[in-house]
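Text of model11.csv (CSV, C-alpha atoms) as supplied:
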```
chain,number,residue,atom,x,y,z
A,55,MET,CA,-39.2,9.7,38.1
A,56,ALA,CA,-41.3,6.6,38.6
A,57,ALA,CA,-40.0,6.1,42.1
A,58,ARG,CA,-40.7,9.7,43.1
A,59,LEU,CA,-44.2,9.7,41.6
A,60,GLY,CA,-44.8,6.4,43.3
A,61,PHE,CA,-43.6,7.7,46.7
A,62,TRP,CA,-45.7,10.8,46.7
A,63,SER,CA,-48.8,9.0,45.4
A,64,ALA,CA,-48.4,6.4,48.1
A,65,VAL,CA,-48.0,9.1,50.8
A,66,ALA,CA,-51.0,11.0,49.5
A,67,ILE,CA,-53.1,7.8,49.5
A,68,ALA,CA,-52.1,7.0,53.1
A,69,VAL,CA,-52.9,10.5,54.2
A,70,SER,CA,-56.3,10.5,52.3
A,71,PHE,CA,-57.4,7.3,54.0
A,72,VAL,CA,-56.3,8.4,57.5
A,73,LEU,CA,-58.2,11.7,57.0
A,74,TYR,CA,-61.2,9.7,55.7
A,75,THR,CA,-61.1,7.6,58.8
A,76,VAL,CA,-61.1,10.7,61.0
A,77,ALA,CA,-64.0,12.2,59.0
A,78,PHE,CA,-65.9,8.9,59.2
A,79,VAL,CA,-65.5,8.8,63.0
A,80,GLY,CA,-66.5,12.5,63.2
A,81,ILE,CA,-69.7,11.8,61.3
A,82,LEU,CA,-70.6,9.0,63.7
A,83,LEU,CA,-69.9,11.3,66.7
A,84,THR,CA,-71.8,14.4,65.4
A,85,SER,CA,-74.8,12.9,63.8
A,86,PRO,CA,-77.0,9.8,64.0
A,87,LEU,CA,-76.5,7.0,61.7
A,88,PHE,CA,-78.7,7.4,58.6
A,89,THR,CA,-80.5,4.4,57.3
A,90,TRP,CA,-82.2,4.8,54.0
A,91,THR,CA,-86.0,4.9,54.0
A,92,ASN,CA,-87.0,7.4,51.4
A,93,LEU,CA,-85.8,10.6,49.7
A,94,ALA,CA,-87.9,12.9,52.0
A,95,ASP,CA,-86.2,11.5,55.1
A,96,TYR,CA,-82.8,11.9,53.5
A,97,VAL,CA,-83.5,15.6,52.6
A,98,PHE,CA,-84.6,16.2,56.3
A,99,TYR,CA,-81.4,14.5,57.5
A,100,THR,CA,-79.2,16.7,55.3
A,101,GLN,CA,-81.0,19.8,56.4
A,102,HIS,CA,-80.7,19.2,60.1
A,103,TYR,CA,-77.2,17.7,60.3
A,104,GLY,CA,-74.1,19.3,58.9
A,105,GLN,CA,-72.7,17.7,55.7
A,106,SER,CA,-69.2,19.2,55.8
A,107,LEU,CA,-67.6,15.9,57.0
A,108,GLN,CA,-69.5,13.9,54.4
A,109,HIS,CA,-68.3,16.2,51.7
A,110,LEU,CA,-64.7,16.0,52.9
A,111,ALA,CA,-64.9,12.2,53.0
A,112,ARG,CA,-66.2,12.1,49.4
A,113,PHE,CA,-63.6,14.5,48.2
A,114,LEU,CA,-60.8,12.4,49.7
A,115,MET,CA,-62.2,9.3,48.0
A,116,LEU,CA,-62.5,11.2,44.8
A,117,LEU,CA,-58.8,11.9,45.0
A,118,PHE,CA,-58.0,8.3,45.7
A,119,GLY,CA,-59.0,7.1,42.2
A,120,PRO,CA,-56.5,9.2,40.2
A,121,LEU,CA,-53.8,8.7,42.9
A,122,PHE,CA,-54.3,4.9,42.6
A,123,VAL,CA,-53.8,5.1,38.8
A,124,VAL,CA,-50.5,7.0,39.3
A,125,LEU,CA,-49.4,4.5,41.9
A,126,LEU,CA,-50.0,1.5,39.6
A,127,ASN,CA,-48.2,3.3,36.7
A,128,SER,CA,-45.2,3.8,38.9
A,129,ILE,CA,-45.3,0.2,40.1
A,130,HIS,CA,-45.5,-1.0,36.5
A,131,ASP,CA,-42.6,1.1,35.4
A,132,ILE,CA,-40.3,-0.3,38.1
A,133,VAL,CA,-41.1,-4.0,38.4
A,134,PRO,CA,-39.1,-6.6,36.4
A,135,PRO,CA,-40.2,-7.2,32.8
A,136,ASP,CA,-41.5,-10.8,33.5
A,137,ARG,CA,-44.0,-9.4,36.0
A,138,ARG,CA,-45.3,-6.5,33.9
A,139,VAL,CA,-48.2,-8.5,32.4
A,140,LEU,CA,-49.5,-8.6,36.0
A,141,SER,CA,-48.9,-5.0,36.7
A,142,ARG,CA,-50.4,-3.9,33.4
A,143,THR,CA,-53.5,-6.0,34.0
A,144,ALA,CA,-53.8,-4.5,37.5
A,145,LEU,CA,-53.4,-1.0,35.9
A,146,SER,CA,-56.2,-1.7,33.4
A,147,PHE,CA,-58.6,-2.8,36.2
A,148,GLY,CA,-57.4,0.1,38.3
A,149,ILE,CA,-58.4,2.6,35.6
A,150,ALA,CA,-61.9,1.2,35.5
A,151,PHE,CA,-62.2,1.5,39.2
A,152,ALA,CA,-61.0,5.1,39.2
A,153,VAL,CA,-63.5,6.1,36.5
A,154,LEU,CA,-66.5,4.4,38.1
A,155,SER,CA,-65.8,5.6,41.7
A,156,SER,CA,-64.9,9.1,40.5
A,157,VAL,CA,-68.2,9.4,38.6
A,158,ASN,CA,-70.1,8.7,41.9
A,159,TYR,CA,-68.2,11.1,44.1
A,160,PHE,CA,-68.2,13.9,41.6
A,161,VAL,CA,-72.0,13.5,41.2
A,162,GLN,CA,-72.4,13.6,45.0
A,163,LEU,CA,-70.3,16.7,45.4
A,164,SER,CA,-71.8,18.5,42.4
A,165,THR,CA,-75.3,17.5,41.2
A,166,VAL,CA,-76.6,16.0,44.5
A,167,ARG,CA,-75.2,18.8,46.7
A,168,LEU,CA,-76.4,21.6,44.5
A,169,SER,CA,-79.9,20.0,44.0
A,170,LEU,CA,-80.4,19.7,47.7
A,171,ALA,CA,-79.3,23.3,48.2
A,172,GLU,CA,-81.8,24.5,45.6
A,173,GLY,CA,-84.6,22.2,46.7
A,174,GLN,CA,-84.6,20.4,43.4
A,175,THR,CA,-85.2,16.9,44.5
A,176,ALA,CA,-87.3,15.3,41.8
A,177,GLY,CA,-85.7,12.0,40.8
A,178,LEU,CA,-82.8,12.5,43.1
A,179,GLU,CA,-83.2,9.2,44.8
A,180,HIS,CA,-81.7,7.5,41.7
A,181,ILE,CA,-78.3,9.3,42.1
A,182,VAL,CA,-78.0,9.6,45.9
A,183,GLN,CA,-75.3,7.4,47.3
A,184,ALA,CA,-77.1,7.1,50.6
A,185,ASN,CA,-79.8,5.1,48.7
A,186,PRO,CA,-78.4,1.5,48.5
A,187,TYR,CA,-80.7,0.8,45.6
A,188,SER,CA,-79.8,3.8,43.5
A,189,THR,CA,-78.1,3.4,40.1
A,190,ILE,CA,-75.1,5.5,41.2
A,191,THR,CA,-74.5,3.3,44.3
A,192,ALA,CA,-74.5,0.2,42.1
A,193,ILE,CA,-71.9,1.9,39.8
A,194,ASN,CA,-69.8,2.9,42.7
A,195,MET,CA,-69.9,-0.6,44.3
A,196,LEU,CA,-69.0,-2.1,41.0
A,197,GLY,CA,-65.8,0.0,41.0
A,198,TRP,CA,-64.9,-0.6,44.6
A,199,THR,CA,-65.7,-4.3,44.7
A,200,LEU,CA,-65.0,-6.0,41.3
A,201,PHE,CA,-62.5,-3.7,39.6
A,202,LEU,CA,-60.5,-2.6,42.7
A,203,GLY,CA,-60.6,-6.2,43.9
A,204,LEU,CA,-59.2,-7.5,40.6
A,205,SER,CA,-56.6,-4.8,40.4
A,206,SER,CA,-55.4,-5.6,43.9
A,207,LEU,CA,-55.3,-9.3,43.2
A,208,PHE,CA,-53.3,-8.9,40.0
A,209,VAL,CA,-50.8,-6.5,41.5
A,210,ALA,CA,-50.2,-8.6,44.7
A,211,PRO,CA,-48.0,-11.3,43.1
A,212,VAL,CA,-45.8,-8.6,41.6
A,213,PHE,CA,-44.3,-8.2,45.1
A,214,GLY,CA,-42.1,-11.0,46.4
A,215,GLY,CA,-38.8,-11.4,48.1
A,216,ASP,CA,-37.9,-9.4,51.1
A,217,ARG,CA,-40.1,-8.7,54.1
A,218,LEU,CA,-41.3,-5.3,52.9
A,219,GLN,CA,-42.4,-6.7,49.6
A,220,ARG,CA,-44.2,-9.5,51.3
A,221,ILE,CA,-46.1,-7.0,53.4
A,222,ILE,CA,-47.1,-5.0,50.3
A,223,GLY,CA,-48.2,-8.2,48.4
A,224,GLY,CA,-50.1,-9.4,51.5
A,225,ALA,CA,-51.9,-6.1,51.9
A,226,PHE,CA,-53.0,-6.1,48.2
A,227,LEU,CA,-54.1,-9.7,48.5
A,228,LEU,CA,-56.3,-8.8,51.5
A,229,SER,CA,-57.5,-5.7,49.8
A,230,GLY,CA,-58.7,-7.8,46.8
A,231,LEU,CA,-60.4,-10.4,48.9
A,232,PHE,CA,-62.1,-7.7,51.0
A,233,CYS,CA,-63.4,-6.0,47.8
A,234,LEU,CA,-64.8,-9.2,46.3
A,235,ALA,CA,-66.4,-10.2,49.6
A,236,GLY,CA,-67.9,-6.7,49.9
A,237,GLY,CA,-69.4,-7.1,46.4
A,238,LEU,CA,-71.0,-10.3,47.4
A,239,GLY,CA,-72.3,-8.7,50.5
A,240,TYR,CA,-73.8,-5.9,48.5
A,241,VAL,CA,-75.5,-8.1,46.0
A,242,LEU,CA,-76.9,-10.4,48.7
A,243,GLU,CA,-77.9,-7.4,50.9
A,244,ILE,CA,-75.6,-8.4,53.8
A,245,THR,CA,-75.0,-5.0,55.3
A,246,ALA,CA,-72.7,-6.2,58.0
A,247,LEU,CA,-70.4,-8.0,55.5
A,248,VAL,CA,-70.2,-4.8,53.4
A,249,PHE,CA,-69.3,-2.7,56.4
A,250,LEU,CA,-66.6,-5.1,57.7
A,251,THR,CA,-65.0,-5.6,54.3
A,252,ILE,CA,-65.3,-2.3,52.5
A,253,ASN,CA,-65.4,0.2,55.4
A,254,LEU,CA,-63.0,-1.5,57.8
A,255,GLY,CA,-61.0,-4.2,56.2
A,256,LEU,CA,-60.3,-2.5,52.9
A,257,GLY,CA,-59.3,0.8,54.5
A,258,ALA,CA,-56.8,-0.9,56.8
A,259,ALA,CA,-55.3,-2.9,53.9
A,260,VAL,CA,-54.9,0.2,51.7
A,261,ILE,CA,-53.2,2.2,54.5
A,262,VAL,CA,-50.8,-0.7,55.2
A,263,ALA,CA,-50.0,-1.1,51.5
A,264,ALA,CA,-49.6,2.6,50.9
A,265,VAL,CA,-47.2,3.1,53.9
A,266,ALA,CA,-45.2,0.1,52.8
A,267,LEU,CA,-45.1,1.2,49.2
A,268,ALA,CA,-43.9,4.7,50.3
A,269,ILE,CA,-40.9,3.0,52.0
A,270,TRP,CA,-40.3,0.7,49.0
A,271,PHE,CA,-40.4,3.6,46.5
A,272,ARG,CA,-38.1,5.7,48.8
A,273,ARG,CA,-35.6,2.9,48.8
A,274,ARG,CA,-35.8,2.6,45.0
A,275,SER,CA,-35.3,6.4,44.7
A,276,SER,CA,-32.3,6.3,46.9
A,277,VAL,CA,-30.7,3.4,44.9
A,278,ALA,CA,-31.4,5.3,41.6
A,279,ALA,CA,-29.8,8.4,43.0
```

Full structure transcribed into structure tokens:
Amino acid sequence: MAARLGFWSAVAIAVSFVLYTVAFVGILLTSPLFTWTNLADYVFYTQHYGQSLQHLARFLMLLFGPLFVVLLNSIHDIVPPDRRVLSRTALSFGIAFAVLSSVNYFVQLSTVRLSLAEGQTAGLEHIVQANPYSTITAINMLGWTLFLGLSSLFVAPVFGGDRLQRIIGGAFLLSGLFCLAGGLGYVLEITALVFLTINLGLGAAVIVAAVALAIWFRRRSSVAA
């Protein structure tokens, strides 16, 4: 059961990040890059450029949180007992990440979307993800940088031995480093660092880890059968 759940969660994560990348590229091709100035400019932007791809991207990342928790549970159930303190710690941090990031994406897809549709914009700047100074953005970045970073760093040493496991461990290690570096970039307002680590580096590391984990879980499932 753990191997099957792990396999399908890894596959779903890989597909989600690939589709997110497609949506992200589509956003760049179909609308100008938005840089936060004020709420009025953001409202104008959402009214004149379609938001379907933005909503799709957020929905995919909303899915990633729960899928990541399932993935970590599956890893924890399979790894040798002497490494479970690491996988259990990774799972704890992973749950924190899932909760914090899910709050953000659910708020964007529900409260923010509906408020913009109804023209109810009073105070909205505090919960709009596009505003880098909003409370919800800080909550989201806390999840993606500190908690996902720590989760990745703790689960990385769980994998060792053959080439496939070294790839998984290396991908998680890079993921953790990218997350923590992105957090530093966010706090210091280094936009380029955040983009390179969170948008590019983290996405690539997660896709590699997910694909390699799908293969690893498939092998475990075959052995169990």

Can I get the residues of region 63-172 of chain A within 12 Å of region 218-230 of chain A, each with the closest pair of atoms and their distance in Å to one decimal, using only C-alpha atoms, sorted chain first then ascending number, as CSV?
```
residue,atom,partner,partner_atom,distance
A:Ala64,CA,A:Ile222,CA,11.7
A:Leu126,CA,A:Phe226,CA,11.9
A:Ile129,CA,A:Ile222,CA,11.6
A:Val133,CA,A:Gln219,CA,11.6
A:Ala144,CA,A:Phe226,CA,10.8
A:Phe147,CA,A:Gly230,CA,11.7
A:Gly148,CA,A:Gly230,CA,11.7
```

Give me, as a count of residues only, all polymer residues having an atom no more than 8 Å from Leu121 (chain A), counting only C-alpha atoms and skipping those fewer than 2 positions away in the same chain.
10

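CA of Leu247 (chain A) is positioned 22.9 Å from CA of Ala210 (chain A).
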
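When CA of Phe232 (chain A) is paired with CA of Thr251 (chain A), their separation reads 4.9 Å.
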
Return the single residue from A:Ser156, A:Thr91, A:Thr143, A:Ser128 that is closest to Leu116 (chain A), with distances computed using only C-alpha atoms.
A:Ser156

Across A:Val139, A:Ala68, A:Leu200, A:Ala94, the smallest distance to Val262 (chain A), with only C-alpha atoms counted, is shown by A:Ala68

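The residue that comes closest to Leu83 (chain A), out of A:Leu107, A:Gly173, A:Ala184, A:Gly237 and on the basis of all atoms listed in the file, is A:Leu107.
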
Would you be able to write out as a count of residues only which residues have an atom within 12 Å of (-77.2, 16.1, 45.1) in the file's coordinates, counting all atoms listed in the file?
35
